[in-house]
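Next up, model_15.cif (mmCIF, C-alpha atoms):
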```
data_start
#
loop_
_atom_site.label_atom_id
_atom_site.label_comp_id
_atom_site.auth_asym_id
_atom_site.auth_seq_id
_atom_site.Cartn_x
_atom_site.Cartn_y
_atom_site.Cartn_z
CA MET Y 1 10.95 8.50 -28.64
CA GLU Y 2 9.94 5.98 -26.01
CA ILE Y 3 9.97 7.44 -22.49
CA ASN Y 4 11.10 5.15 -19.67
CA ASN Y 5 11.47 5.22 -15.88
CA ILE Y 6 14.13 2.60 -15.53
CA ILE Y 7 15.97 4.21 -12.63
CA ASP Y 8 12.86 4.97 -10.55
CA THR Y 9 11.47 1.51 -11.14
CA TRP Y 10 14.63 -0.19 -9.98
CA LEU Y 11 15.01 2.07 -6.93
CA SER Y 12 11.46 1.46 -5.81
CA GLN Y 13 11.88 -2.28 -6.22
CA ASN Y 14 15.10 -2.32 -4.24
CA GLY Y 15 14.48 0.40 -1.66
CA LYS Y 16 17.32 0.93 0.82
CA PRO Y 17 16.46 3.88 3.07
CA GLU Y 18 19.85 3.86 4.78
CA ILE Y 19 21.76 4.21 1.53
CA ASP Y 20 19.21 6.76 0.33
CA LYS Y 21 20.04 9.00 3.26
CA LEU Y 22 23.77 8.48 2.93
CA VAL Y 23 23.81 9.41 -0.75
CA GLU Y 24 21.67 12.49 -0.13
CA LYS Y 25 23.91 13.64 2.71
CA ASN Y 26 27.15 13.03 0.82
CA LEU Y 27 25.88 15.00 -2.15
CA ALA Y 28 24.63 17.81 0.08
CA ILE Y 29 28.03 18.10 1.72
CA ALA Y 30 29.89 17.93 -1.60
CA ASN Y 31 27.64 20.58 -3.02
CA LYS Y 32 28.11 22.82 -0.01
CA ILE Y 33 31.89 22.58 -0.33
CA GLN Y 34 31.68 23.35 -4.04
CA GLU Y 35 29.50 26.40 -3.30
CA LEU Y 36 31.99 27.65 -0.73
CA LEU Y 37 34.89 27.24 -3.15
CA VAL Y 38 33.06 29.15 -5.87
CA GLN Y 39 32.06 31.89 -3.42
CA ARG Y 40 35.64 32.44 -2.37
CA ASP Y 41 37.06 32.00 -5.83
CA LEU Y 42 39.06 28.95 -4.78
CA LYS Y 43 39.99 25.99 -6.94
CA PRO Y 44 40.02 22.44 -5.60
CA ALA Y 45 43.80 22.64 -5.82
CA ASP Y 46 43.76 25.61 -3.41
CA LEU Y 47 41.73 23.70 -0.87
CA ALA Y 48 44.11 20.78 -1.33
CA ARG Y 49 47.03 23.01 -0.48
CA LEU Y 50 45.29 24.42 2.60
CA LEU Y 51 44.64 20.92 3.86
CA ASN Y 52 47.89 19.36 2.77
CA LYS Y 53 46.14 16.86 0.56
CA LYS Y 54 46.31 15.81 -3.07
CA PRO Y 55 44.04 17.68 -5.51
CA SER Y 56 42.67 14.34 -6.68
CA GLU Y 57 41.34 13.69 -3.22
CA ILE Y 58 39.49 17.00 -3.20
CA SER Y 59 38.08 16.20 -6.63
CA LYS Y 60 36.81 12.91 -5.28
CA TRP Y 61 35.09 14.71 -2.40
CA LEU Y 62 33.28 16.97 -4.81
CA THR Y 63 31.65 14.10 -6.70
CA GLY Y 64 29.31 13.36 -3.83
CA THR Y 65 30.27 9.68 -3.91
CA HIS Y 66 32.62 10.01 -0.99
CA THR Y 67 31.50 9.30 2.57
CA PHE Y 68 33.09 11.92 4.78
CA THR Y 69 34.40 11.38 8.28
CA THR Y 70 33.55 13.97 10.91
CA LYS Y 71 37.28 14.53 11.15
CA THR Y 72 37.51 15.54 7.49
CA ILE Y 73 34.43 17.73 7.62
CA THR Y 74 35.67 19.60 10.64
CA LYS Y 75 39.07 20.10 9.01
CA ILE Y 76 37.36 21.64 5.98
CA GLU Y 77 35.14 23.75 8.22
CA THR Y 78 38.15 25.03 10.11
CA VAL Y 79 40.09 25.92 7.00
CA LEU Y 80 37.15 27.62 5.28
CA GLY Y 81 35.91 29.21 8.49
CA VAL Y 82 32.31 28.12 7.92
CA ASP Y 83 30.18 25.30 9.30
CA ILE Y 84 29.12 22.74 6.75
CA ILE Y 85 26.96 20.57 8.92
CA HIS Y 86 24.76 21.79 11.75
CA ILE Y 87 23.37 19.88 14.67
CA GLU Y 88 19.95 21.02 15.79
CA ALA Y 89 19.35 22.08 19.38
CA GLN Y 90 18.57 19.23 21.71
CA LYS Y 91 15.01 18.96 22.90
CA GLU Y 92 14.30 17.84 26.44
CA TYR Y 93 11.51 15.39 26.54
CA VAL Y 94 9.44 14.56 29.61
CA TYR Y 95 7.86 11.15 29.62
CA PHE Y 96 4.43 10.25 30.91
CA LYS Y 97 2.57 7.05 31.31
CA VAL Y 98 -0.90 7.03 29.91
CA MET Y 99 -3.66 4.90 31.34
CA VAL Y 100 -5.77 3.26 28.74
CA LYS Y 101 -9.47 3.29 29.49
CA ASP Y 102 -10.40 -0.18 30.58
CA GLN Y 103 -13.44 -1.17 28.59
CA ASP Y 104 -14.60 -3.54 31.34
CA GLN Y 105 -14.93 -0.73 33.80
CA GLU Y 106 -18.08 0.66 32.26
CA GLN Y 107 -20.23 -0.61 35.11
CA GLU Y 108 -22.83 1.36 36.97
CA MET Y 109 -21.31 3.16 39.87
CA ALA Y 110 -23.14 4.71 42.77
CA PHE Y 111 -22.38 8.37 43.37
CA GLU Y 112 -23.28 10.63 46.20
CA THR Y 113 -23.60 14.35 45.90
CA SER Y 114 -20.52 16.01 47.35
CA ASN Y 115 -20.22 18.86 49.80
CA VAL Y 116 -17.44 21.29 49.12
CA ASN Y 117 -15.70 23.75 51.37
CA SER Y 118 -15.38 26.86 49.24
CA GLN Y 119 -13.55 28.97 51.78
CA ASP Y 120 -10.05 28.09 50.74
CA LEU Y 121 -10.68 29.37 47.25
CA ASP Y 122 -9.18 32.80 47.95
CA LYS Y 123 -5.82 31.47 46.92
CA VAL Y 124 -7.01 30.46 43.49
CA LYS Y 125 -7.47 33.31 41.02
CA LYS Y 126 -8.27 31.99 37.61
CA ALA Y 127 -9.38 28.70 36.15
CA SER Y 128 -8.57 27.92 32.58
CA MET K 1 -7.48 21.71 55.31
CA ALA K 2 -5.09 23.21 52.80
CA ASN K 3 -3.70 19.92 51.65
CA GLN K 4 -1.35 20.02 48.73
CA ILE K 5 -2.76 19.10 45.34
CA ILE K 6 -0.48 16.57 43.72
CA PRO K 7 -1.17 16.30 39.99
CA GLU K 8 0.23 12.78 39.76
CA LYS K 9 -2.51 11.62 42.14
CA ILE K 10 -5.28 12.85 39.88
CA HIS K 11 -6.25 10.51 37.07
CA LEU K 12 -8.85 11.61 34.55
CA ASN K 13 -10.08 8.17 33.63
CA GLN K 14 -13.31 8.63 31.78
CA ILE K 15 -15.16 11.27 29.83
CA HIS K 16 -18.78 10.79 28.77
CA TRP K 17 -21.09 12.93 26.72
CA ILE K 18 -24.43 12.72 28.54
CA VAL K 19 -26.18 15.29 26.37
CA GLN K 20 -24.79 16.56 23.11
CA ASN K 21 -27.27 18.66 21.23
CA THR K 22 -26.12 21.13 18.62
CA VAL K 23 -28.67 23.25 16.74
CA ILE K 24 -27.74 24.89 13.47
CA LEU K 25 -30.17 27.05 11.56
CA GLU K 26 -30.74 26.05 7.95
CA LYS K 27 -31.27 29.52 6.62
CA LYS K 28 -28.60 32.12 5.97
CA LEU K 29 -28.22 34.61 8.79
CA VAL K 30 -28.39 38.37 8.32
CA LYS K 31 -25.07 38.72 10.15
CA LYS K 32 -22.59 36.66 12.12
CA PRO K 33 -23.93 35.95 15.62
CA VAL K 34 -22.08 36.29 18.89
CA TYR K 35 -22.53 33.50 21.38
CA ASP K 36 -23.62 33.54 25.00
CA PHE K 37 -22.64 30.77 27.35
CA LYS K 38 -24.40 29.52 30.43
CA MET K 39 -22.53 27.15 32.60
CA ALA K 40 -23.25 24.98 35.63
CA HIS K 41 -21.70 21.97 37.31
CA SER K 42 -22.34 19.22 39.83
CA VAL K 43 -19.90 17.23 41.94
CA MET K 44 -20.46 13.66 43.05
CA HIS K 45 -18.23 11.05 44.57
CA ASN K 46 -17.79 7.38 45.35
CA LEU K 47 -15.57 7.16 48.43
CA GLU K 48 -15.08 3.44 48.25
CA LYS K 49 -13.69 3.57 44.73
CA GLY K 50 -11.93 6.91 45.24
CA ILE K 51 -13.72 8.51 42.32
CA VAL K 52 -15.02 12.05 41.90
CA LYS K 53 -17.46 12.79 39.09
CA ILE K 54 -17.72 16.32 37.77
CA ARG K 55 -20.64 17.01 35.44
CA LEU K 56 -20.51 20.19 33.40
CA PHE K 57 -23.66 21.73 31.89
CA ILE K 58 -23.20 24.16 29.04
CA ASP K 59 -25.87 26.12 27.14
CA VAL K 60 -24.74 27.99 24.05
CA ASN K 61 -26.98 30.55 22.42
CA GLY K 62 -26.38 32.63 19.34
CA VAL K 63 -27.33 36.30 19.56
CA ILE K 64 -27.85 38.77 16.71
CA ASN K 65 -28.64 42.40 17.48
CA ASP K 66 -29.44 41.48 21.08
CA LYS K 67 -31.97 38.90 20.03
CA VAL K 68 -31.42 35.27 20.86
CA ILE K 69 -31.54 33.02 17.83
CA ASN K 70 -32.03 29.31 17.79
CA GLN K 71 -28.47 28.42 16.97
CA GLY K 72 -26.08 26.87 19.45
CA GLY K 73 -26.63 23.89 21.66
CA ASN K 74 -26.99 22.34 25.05
CA TYR K 75 -24.53 19.91 26.47
CA GLU K 76 -23.79 17.79 29.53
CA VAL K 77 -20.47 16.03 30.03
CA ASP K 78 -19.20 13.78 32.81
CA PHE K 79 -15.55 13.73 33.86
CA LEU K 80 -14.58 10.86 36.12
CA PHE K 81 -11.46 11.35 38.20
CA GLN K 82 -9.73 8.55 40.05
CA ILE K 83 -7.97 10.08 43.06
CA ASP K 84 -5.05 8.44 44.84
CA ASP K 85 -5.21 8.94 48.61
CA MET K 86 -8.55 10.67 48.28
CA LYS K 87 -8.86 10.86 52.09
CA ASP K 88 -6.30 13.68 51.98
CA GLN K 89 -8.84 15.79 50.11
CA TYR K 90 -11.82 15.69 52.43
CA GLU K 91 -12.81 16.00 56.06
CA ILE K 92 -15.65 14.20 57.71
CA VAL K 93 -18.17 16.68 59.03
CA GLU K 94 -21.33 15.27 60.63
CA ASP K 95 -20.69 11.85 59.11
CA LYS K 96 -20.40 13.27 55.64
CA PRO K 97 -17.24 14.01 53.64
CA VAL K 98 -16.62 17.64 52.83
CA PHE K 99 -14.12 18.14 50.04
CA SER K 100 -11.53 20.90 49.88
CA GLY K 101 -12.62 23.74 47.64
CA LEU K 102 -9.13 23.98 46.22
CA PHE K 103 -9.25 20.33 45.28
CA VAL K 104 -12.64 20.50 43.59
CA SER K 105 -11.77 23.68 41.74
CA THR K 106 -8.67 21.97 40.38
CA LEU K 107 -10.86 19.21 39.01
CA LEU K 108 -13.36 21.76 37.68
CA ALA K 109 -10.59 23.63 35.91
CA ILE K 110 -9.25 20.46 34.33
CA SER K 111 -12.74 19.47 33.18
CA TYR K 112 -13.55 22.88 31.81
CA SER K 113 -10.32 23.10 29.82
CA THR K 114 -10.85 19.63 28.48
CA LEU K 115 -14.38 20.56 27.48
CA ARG K 116 -13.05 23.54 25.55
CA GLY K 117 -11.01 21.13 23.46
CA MET K 118 -13.96 18.82 22.98
CA PHE K 119 -16.17 21.64 21.72
CA PHE K 120 -13.43 22.80 19.41
CA GLU K 121 -13.40 19.34 17.91
CA ILE K 122 -17.14 18.78 17.54
CA TRP K 123 -17.80 22.22 16.14
CA LYS K 124 -14.88 22.47 13.76
CA GLU K 125 -16.77 21.35 10.66
CA SER K 126 -19.82 23.47 11.42
CA VAL K 127 -20.70 27.17 11.44
CA LEU K 128 -19.70 27.15 15.10
CA HIS K 129 -16.08 26.46 14.25
CA GLY K 130 -14.87 29.85 15.47
CA VAL K 131 -16.51 29.51 18.88
CA ILE K 132 -14.16 28.83 21.77
CA LEU K 133 -15.07 28.57 25.47
CA PRO K 134 -13.81 31.63 27.33
CA VAL K 135 -11.30 31.60 30.15
CA ILE K 136 -13.27 32.10 33.38
CA SER K 137 -12.38 32.59 37.02
CA VAL K 138 -12.68 29.79 39.52
CA PRO K 139 -15.13 31.60 41.78
CA ASP K 140 -17.40 31.98 38.76
CA LEU K 141 -16.96 28.30 37.88
CA PHE K 142 -17.86 27.44 41.43
CA ARG K 143 -20.84 29.68 41.71
CA SER K 144 -22.55 27.91 38.84
CA LYS K 145 -23.83 24.97 40.73
CA ARG K 146 -26.81 22.94 39.62
CA MET T 1 33.55 -3.86 -38.90
CA ASN T 2 30.51 -1.65 -38.83
CA THR T 3 28.85 -1.62 -35.45
CA PHE T 4 25.77 0.42 -34.90
CA VAL T 5 24.04 1.55 -31.73
CA HIS T 6 20.79 3.35 -31.17
CA ILE T 7 19.88 5.64 -28.32
CA LYS T 8 17.49 4.55 -25.61
CA HIS T 9 15.82 6.86 -23.11
CA ILE T 10 16.40 5.73 -19.52
CA GLN T 11 14.77 8.35 -17.30
CA THR T 12 14.02 12.05 -17.18
CA TYR T 13 14.15 14.03 -13.96
CA ASP T 14 13.67 17.73 -13.35
CA LYS T 15 17.30 18.57 -13.88
CA VAL T 16 18.72 15.68 -15.88
CA SER T 17 17.63 13.33 -18.65
CA TYR T 18 19.47 10.03 -18.84
CA TYR T 19 20.04 8.01 -21.99
CA SER T 20 21.94 4.89 -22.89
CA VAL T 21 22.80 2.99 -26.06
CA VAL T 22 21.73 -0.37 -27.43
CA PHE T 23 24.02 -2.34 -29.70
CA GLY T 24 22.61 -3.23 -33.11
CA ASN T 25 21.49 -6.78 -32.58
CA GLU T 26 20.70 -6.63 -28.88
CA THR T 27 17.59 -5.93 -26.86
CA ILE T 28 18.81 -4.13 -23.76
CA SER T 29 20.98 -1.07 -23.34
CA LEU T 30 24.50 -0.96 -21.92
CA PHE T 31 23.21 0.64 -18.76
CA GLU T 32 20.63 -2.08 -18.25
CA LYS T 33 23.41 -4.61 -18.69
CA PHE T 34 25.29 -2.81 -15.94
CA PHE T 35 22.29 -3.36 -13.66
CA ALA T 36 21.97 -6.97 -14.57
CA THR T 37 25.64 -7.72 -14.01
CA HIS T 38 25.91 -6.15 -10.59
CA GLU T 39 22.47 -6.54 -9.12
CA GLU T 40 23.26 -9.79 -7.35
CA SER T 41 26.92 -9.50 -6.54
CA ASN T 42 27.34 -5.79 -5.79
CA ASN T 43 23.88 -4.68 -4.84
CA ASP T 44 24.88 -2.06 -2.26
CA LYS T 45 27.51 -0.41 -4.44
CA LEU T 46 25.14 -0.44 -7.36
CA TYR T 47 22.41 1.07 -5.23
CA HIS T 48 24.74 3.90 -4.20
CA ILE T 49 25.41 4.79 -7.83
CA ILE T 50 21.82 4.55 -8.99
CA LYS T 51 20.56 6.60 -6.07
CA TRP T 52 23.27 9.15 -6.84
CA LEU T 53 21.93 9.39 -10.40
CA GLU T 54 18.45 10.02 -9.02
CA VAL T 55 19.52 12.74 -6.58
CA ILE T 56 21.63 14.48 -9.24
CA GLY T 57 18.68 14.23 -11.60
CA LYS T 58 16.20 15.67 -9.15
CA LYS T 59 18.24 18.18 -7.26
CA TYR T 60 21.68 19.18 -8.45
CA GLY T 61 21.89 18.68 -12.21
CA ALA T 62 24.88 17.07 -13.88
CA GLN T 63 27.37 19.69 -12.74
CA ALA T 64 30.95 19.20 -13.84
CA HIS T 65 32.41 18.76 -10.37
CA LEU T 66 30.17 15.74 -9.77
CA PHE T 67 31.81 13.69 -12.53
CA ARG T 68 35.37 12.48 -12.68
CA PRO T 69 36.97 12.71 -16.06
CA GLU T 70 38.71 9.59 -17.19
CA GLY T 71 42.02 10.13 -18.79
CA LYS T 72 43.87 11.98 -16.09
CA THR T 73 45.11 8.81 -14.51
CA ALA T 74 44.57 6.36 -17.31
CA ASP T 75 47.08 5.58 -19.99
CA THR T 76 45.56 7.05 -23.10
CA SER T 77 48.32 6.25 -25.58
CA ALA T 78 46.50 3.26 -26.94
CA LEU T 79 43.37 5.23 -27.60
CA PRO T 80 42.26 7.35 -30.53
CA PRO T 81 43.12 11.06 -30.30
CA ALA T 82 41.15 13.09 -27.82
CA THR T 83 37.91 14.54 -29.13
CA SER T 84 36.06 17.56 -27.86
CA LYS T 85 34.33 15.43 -25.31
CA ASN T 86 35.78 12.83 -22.99
CA PRO T 87 33.93 10.21 -21.07
CA SER T 88 33.77 10.50 -17.31
CA TYR T 89 32.81 8.11 -14.59
CA VAL T 90 30.89 7.74 -11.38
CA GLU T 91 32.43 5.48 -8.83
CA ASN T 92 31.43 4.05 -5.55
CA GLY T 93 33.12 1.88 -3.02
CA LYS T 94 34.94 2.20 0.26
CA LYS T 95 38.43 1.24 -0.63
CA LYS T 96 40.28 1.50 -3.84
CA PRO T 97 40.51 -0.95 -5.44
CA ASN T 98 37.13 -2.60 -5.09
CA THR T 99 35.12 0.39 -6.20
CA LEU T 100 32.31 -0.04 -8.71
CA ARG T 101 32.74 2.30 -11.62
CA LEU T 102 30.12 3.35 -14.18
CA TYR T 103 31.21 5.14 -17.32
CA CYS T 104 29.11 7.90 -18.82
CA LEU T 105 29.14 10.91 -21.09
CA ARG T 106 28.08 14.20 -19.59
CA ALA T 107 26.75 16.01 -22.65
CA ASN T 108 25.85 19.02 -20.51
CA GLU T 109 24.32 19.72 -17.14
CA HIS T 110 21.00 18.29 -18.30
CA VAL T 111 21.83 15.33 -20.47
CA VAL T 112 23.93 12.32 -19.52
CA PHE T 113 24.55 9.13 -21.47
CA LEU T 114 25.08 6.09 -19.26
CA PHE T 115 27.25 3.22 -20.40
CA ASP T 116 28.61 0.23 -18.56
CA GLY T 117 31.22 -0.43 -15.93
CA ASP T 118 32.68 -2.86 -13.45
CA ILE T 119 34.61 -3.37 -10.25
CA LYS T 120 38.01 -1.81 -10.36
CA THR T 121 40.33 -4.48 -9.05
CA THR T 122 43.59 -2.61 -9.18
CA GLN T 123 44.79 0.71 -7.90
CA LYS T 124 44.87 2.20 -11.37
CA ALA T 125 42.09 1.82 -13.89
CA GLN T 126 44.40 1.15 -16.77
CA ASP T 127 45.80 -1.89 -15.00
CA CYS T 128 42.44 -3.38 -14.33
CA PRO T 129 41.27 -5.82 -16.95
CA ASN T 130 37.60 -5.34 -16.00
CA VAL T 131 37.42 -1.64 -16.22
CA LYS T 132 39.86 -0.98 -19.02
CA HIS T 133 37.62 -2.50 -21.65
CA HIS T 134 34.59 -0.52 -20.50
CA PHE T 135 36.61 2.63 -20.73
CA LYS T 136 37.66 1.81 -24.26
CA LEU T 137 34.05 1.21 -25.22
CA ALA T 138 32.88 4.39 -23.49
CA ASN T 139 35.49 6.28 -25.39
CA GLN T 140 34.41 4.88 -28.74
CA ILE T 141 30.74 5.59 -28.12
CA THR T 142 31.55 9.08 -26.87
CA LYS T 143 33.40 9.83 -30.06
CA ALA T 144 30.49 8.55 -32.12
CA ILE T 145 27.87 10.50 -30.19
CA ASP T 146 30.00 13.61 -30.45
CA GLU T 147 30.12 13.13 -34.21
CA ALA T 148 26.35 12.59 -34.32
CA PHE T 149 25.85 15.93 -32.56
CA LYS T 150 28.15 17.58 -35.09
CA GLN T 151 26.28 16.04 -37.99
CA GLY T 152 22.95 17.17 -36.57
CA GLU T 153 21.70 13.64 -36.09
CA ILE T 154 21.27 14.48 -32.41
CA LEU T 155 19.98 17.95 -31.72
CA TRP T 156 19.50 20.07 -28.64
CA ASN T 157 16.09 21.47 -27.80
CA ASP T 158 15.68 25.25 -27.62
CA THR T 159 16.70 25.48 -23.99
CA HIS T 160 19.55 22.96 -24.19
CA THR T 161 17.83 20.94 -21.50
CA ASN T 162 17.19 17.85 -23.56
CA ILE T 163 18.04 16.23 -26.85
CA LYS T 164 16.00 15.37 -29.90
CA PHE T 165 16.73 12.61 -32.33
CA GLN T 166 15.00 10.32 -34.75
CA PRO T 167 14.06 7.08 -32.95
CA THR T 168 15.48 5.20 -35.87
CA ILE T 169 18.92 6.76 -35.96
CA ARG T 170 21.86 4.44 -35.92
CA ILE T 171 25.21 5.66 -34.76
CA GLN T 172 28.28 4.03 -36.16
CA ILE T 173 30.96 3.07 -33.71
#
```
Can I see the file as structure tokens?
Amino acid sequence: MEINNIIDTWLSQNGKPEIDKLVEKNLAIANKIQELLVQRDLKPADLARLLNKKPSEISKWLTGTHTFTTKTITKIETVLGVDIIHIEAQKEYVYFKVMVKDQDQEQEMAFETSNVNSQDLDKVKKAS
Amino acid sequence: MANQIIPEKIHLNQIHWIVQNTVILEKKLVKKPVYDFKMAHSVMHNLEKGIVKIRLFIDVNGVINDKVINQGGNYEVDFLFQIDDMKDQYEIVEDKPVFSGLFVSTLLAISYSTLRGMFFEIWKESVLHGVILPVISVPDLFRSKR
Amino acid sequence: MNTFVHIKHIQTYDKVSYYSVVFGNETISLFEKFFATHEESNNDKLYHIIKWLEVIGKKYGAQAHLFRPEGKTADTSALPPATSKNPSYVENGKKKPNTLRLYCLRANEHVVFLFDGDIKTTQKAQDCPNVKHHFKLANQITKAIDEAFKQGEILWNDTHTNIKFQPTIRIQI
């Protein structure tokens, strides 16, 4: 039998990173909901009843082809009592400006040996 | 003269290896050596340009069973600091500038830490890859003048 | 009229192997025709579906809940009696109508046959002239493949994760 890679070939020729991410996320969410239903021994129809929706809508959600709204996800989370999506903790970034070494500045510079007052060193304990 | 050190006024602009000499023995050693460090420094300045130059001198020697072996290296590195408002960091005494010890030790500490990273990098592919400069006290750093 | 198809391998992933069929006198499979038809005009929707096939193939397997069975909403009275297997579909699009639908046969979690499909222009599939004919075809091929399994012309491997068949087999629609 001839082995082909028709799907991979087409995807790599047409790469759309935004859609890639969307499809992956939708499937992950659908899968998570399915897992939760199975865990709790619920049928899609049960979830439909809890949310006041038609069973066909729930079935559509579970295919992973549906793009959820945050509103819908949070409704499902509320009804099942479990978070489906998690937001990671915010990091606080501090920004610095970095000076780039100026190549032209490599000239000879005259230096003088320095005198240092070492008496105020009592305050400083350790150098790293 | 206990003027505040303001980090934003200190700019480490240039780093130069003046001497970089690592010696690795060809033959296999009877056991893993420990390493002794010798350290010294010099401080120079250019008032007009507001630059302080710290030069660190490091000698590294491998030791097995209290005997020094010819494995290690000797190194000299320059750290050039551009200082904003450098006049805040020295006093003129007998026509010569005398820098605050606190100020110079800050620069020494920065240089020494940076050097630790540099050694880590140059030694990482060699038998010296486990060797890391120790944390030392400022008075000790200071005492080691050349 | 005797129409024959043969099976063409499309792609194998960790969890799913995809196949399609090629009609007797043609050179490309139904699935490749699907590509060709929608590549220009419905590129984004097509991309959604193809990417979905890849992610299922790599990560989730062809689990039942991921496929929608045709037949629940469609009018099946005009069709031959139900067989042990029914075709299902994968559909993408924001609003219905205007979704792009691809018909397929989910043989099990690891083997899926991909057929053809089109834009659903009406609320219900059975009203849509585009999609209705693809469904009919999917149904016919499904029945034939099902029969081929029964006759041992298509076999499962030991672990039921892939199929084996003679490259030369012809399945009668």
Fewer than 4 positions away in the same chain doesn't count, so skip those; otherwise give me all residues within 10 Å of Glu32 of chain T, counting all atoms listed in the file, as a PDB file with C-alpha atoms, in the frame of the given file.
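Okay, out.pdb is ready:
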```
ATOM      1  CA  ILE Y   6      14.130   2.600 -15.530  1.00  0.00           C
ATOM      2  CA  ILE Y   7      15.970   4.210 -12.630  1.00  0.00           C
TER       3      ILE Y   7
ATOM      4  CA  ILE T  10      16.400   5.730 -19.520  1.00  0.00           C
ATOM      5  CA  SER T  20      21.940   4.890 -22.890  1.00  0.00           C
ATOM      6  CA  VAL T  21      22.800   2.990 -26.060  1.00  0.00           C
ATOM      7  CA  VAL T  22      21.730  -0.370 -27.430  1.00  0.00           C
ATOM      8  CA  THR T  27      17.590  -5.930 -26.860  1.00  0.00           C
ATOM      9  CA  ILE T  28      18.810  -4.130 -23.760  1.00  0.00           C
ATOM     10  CA  ALA T  36      21.970  -6.970 -14.570  1.00  0.00           C
ATOM     11  CA  THR T  37      25.640  -7.720 -14.010  1.00  0.00           C
ATOM     12  CA  LEU T 114      25.080   6.090 -19.260  1.00  0.00           C
ATOM     13  CA  PHE T 115      27.250   3.220 -20.400  1.00  0.00           C
ATOM     14  CA  ASP T 116      28.610   0.230 -18.560  1.00  0.00           C
TER      15      ASP T 116
END
```
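Those residues that approach Ile69 of chain K to within 10 Å, counting all atoms listed in the file, are Ile24, Leu25, Leu29, Pro33, Tyr35, Asn61, Gly62, Val63, Ile64, Asn65, Asp66, Lys67, Gln71 and Gly72 of chain K; same-chain residues fewer than 2 positions away are not listed.
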Each chain T residue no farther than 10 Å from chain Y, nearest pair in Å, all atoms listed in the file, as a Markdown table:
```
| residue | atom | partner | partner_atom | distance |
| --- | --- | --- | --- | --- |
| T:Ile7 | CA | Y:Met1 | CA | 9.4 |
| T:Lys8 | CA | Y:Glu2 | CA | 7.7 |
| T:His9 | CA | Y:Ile3 | CA | 5.9 |
| T:Ile10 | CA | Y:Asn4 | CA | 5.3 |
| T:Gln11 | CA | Y:Asn5 | CA | 4.8 |
| T:Thr12 | CA | Y:Asn5 | CA | 7.4 |
| T:Tyr13 | CA | Y:Asn5 | CA | 9.4 |
| T:Tyr18 | CA | Y:Ile7 | CA | 9.2 |
| T:Tyr19 | CA | Y:Asn4 | CA | 9.7 |
| T:Phe31 | CA | Y:Ile6 | CA | 9.8 |
| T:Glu32 | CA | Y:Ile6 | CA | 8.5 |
| T:Phe35 | CA | Y:Trp10 | CA | 9.1 |
| T:Glu39 | CA | Y:Asn14 | CA | 9.8 |
| T:Asn43 | CA | Y:Asn14 | CA | 9.1 |
| T:Asp44 | CA | Y:Ile19 | CA | 8.0 |
| T:Lys45 | CA | Y:Ile19 | CA | 9.5 |
| T:Tyr47 | CA | Y:Ile19 | CA | 7.5 |
| T:His48 | CA | Y:Ile19 | CA | 6.5 |
| T:Ile49 | CA | Y:Thr65 | CA | 7.9 |
| T:Ile50 | CA | Y:Ile7 | CA | 6.9 |
| T:Lys51 | CA | Y:Asp20 | CA | 6.5 |
| T:Trp52 | CA | Y:Val23 | CA | 6.1 |
| T:Leu53 | CA | Y:Ile7 | CA | 8.2 |
| T:Glu54 | CA | Y:Ile7 | CA | 7.3 |
| T:Val55 | CA | Y:Glu24 | CA | 6.8 |
| T:Ile56 | CA | Y:Leu27 | CA | 8.3 |
| T:Lys59 | CA | Y:Leu27 | CA | 9.7 |
| T:Tyr60 | CA | Y:Asn31 | CA | 8.2 |
| T:Gln63 | CA | Y:Thr63 | CA | 9.3 |
| T:Ala64 | CA | Y:Thr63 | CA | 8.8 |
| T:His65 | CA | Y:Leu62 | CA | 5.9 |
| T:Leu66 | CA | Y:Thr63 | CA | 3.8 |
| T:Phe67 | CA | Y:Thr63 | CA | 5.8 |
| T:Arg68 | CA | Y:Thr63 | CA | 7.2 |
| T:Lys72 | CA | Y:Ser56 | CA | 9.8 |
| T:Thr73 | CA | Y:Ser56 | CA | 9.9 |
| T:Tyr89 | CA | Y:Thr63 | CA | 10.0 |
| T:Val90 | CA | Y:Thr65 | CA | 7.7 |
| T:Glu91 | CA | Y:Thr65 | CA | 6.8 |
| T:Asn92 | CA | Y:Thr65 | CA | 6.0 |
| T:Gly93 | CA | Y:Thr65 | CA | 8.4 |
| T:Lys94 | CA | Y:Thr67 | CA | 8.2 |
| T:Lys164 | CA | Y:Met1 | CA | 8.6 |
| T:Phe165 | CA | Y:Met1 | CA | 8.0 |
| T:Gln166 | CA | Y:Met1 | CA | 7.6 |
| T:Pro167 | CA | Y:Met1 | CA | 5.5 |
| T:Thr168 | CA | Y:Met1 | CA | 9.1 |
```
Problem set entry | Evaluate the PyMOL selection byres ((chain T and resi 140) around 12) and report residues as a PyMOL selection string | chain T and resi 3-5+79-83+85-87+103-105+115+133-139+141-147+171-173
Problem set entry | Residue IDs satisfying the PyMOL selection byres ((chain K and resi 105) around 10), as a PyMOL selection string | (chain Y and resi 116+118+121+124+126-127) or (chain K and resi 100-104+106-111+138-139+141-142)
For this session: Please provide the set of residues having any atom within 12 Å of Gly117 of chain K, restricted to only C-alpha atoms, with same-chain residues fewer than 6 positions apart removed, written as a ChimeraX atom specification.
Result: /Y:128 /K:110-111,123-124,129,131-134
Can those selected residues be exported to a file as a CSV table (one decimal), in the frame of the given file so that it contains C-alpha atoms?
```
chain,number,residue,atom,x,y,z
Y,128,SER,CA,-8.6,27.9,32.6
K,110,ILE,CA,-9.2,20.5,34.3
K,111,SER,CA,-12.7,19.5,33.2
K,123,TRP,CA,-17.8,22.2,16.1
K,124,LYS,CA,-14.9,22.5,13.8
K,129,HIS,CA,-16.1,26.5,14.2
K,131,VAL,CA,-16.5,29.5,18.9
K,132,ILE,CA,-14.2,28.8,21.8
K,133,LEU,CA,-15.1,28.6,25.5
K,134,PRO,CA,-13.8,31.6,27.3
```
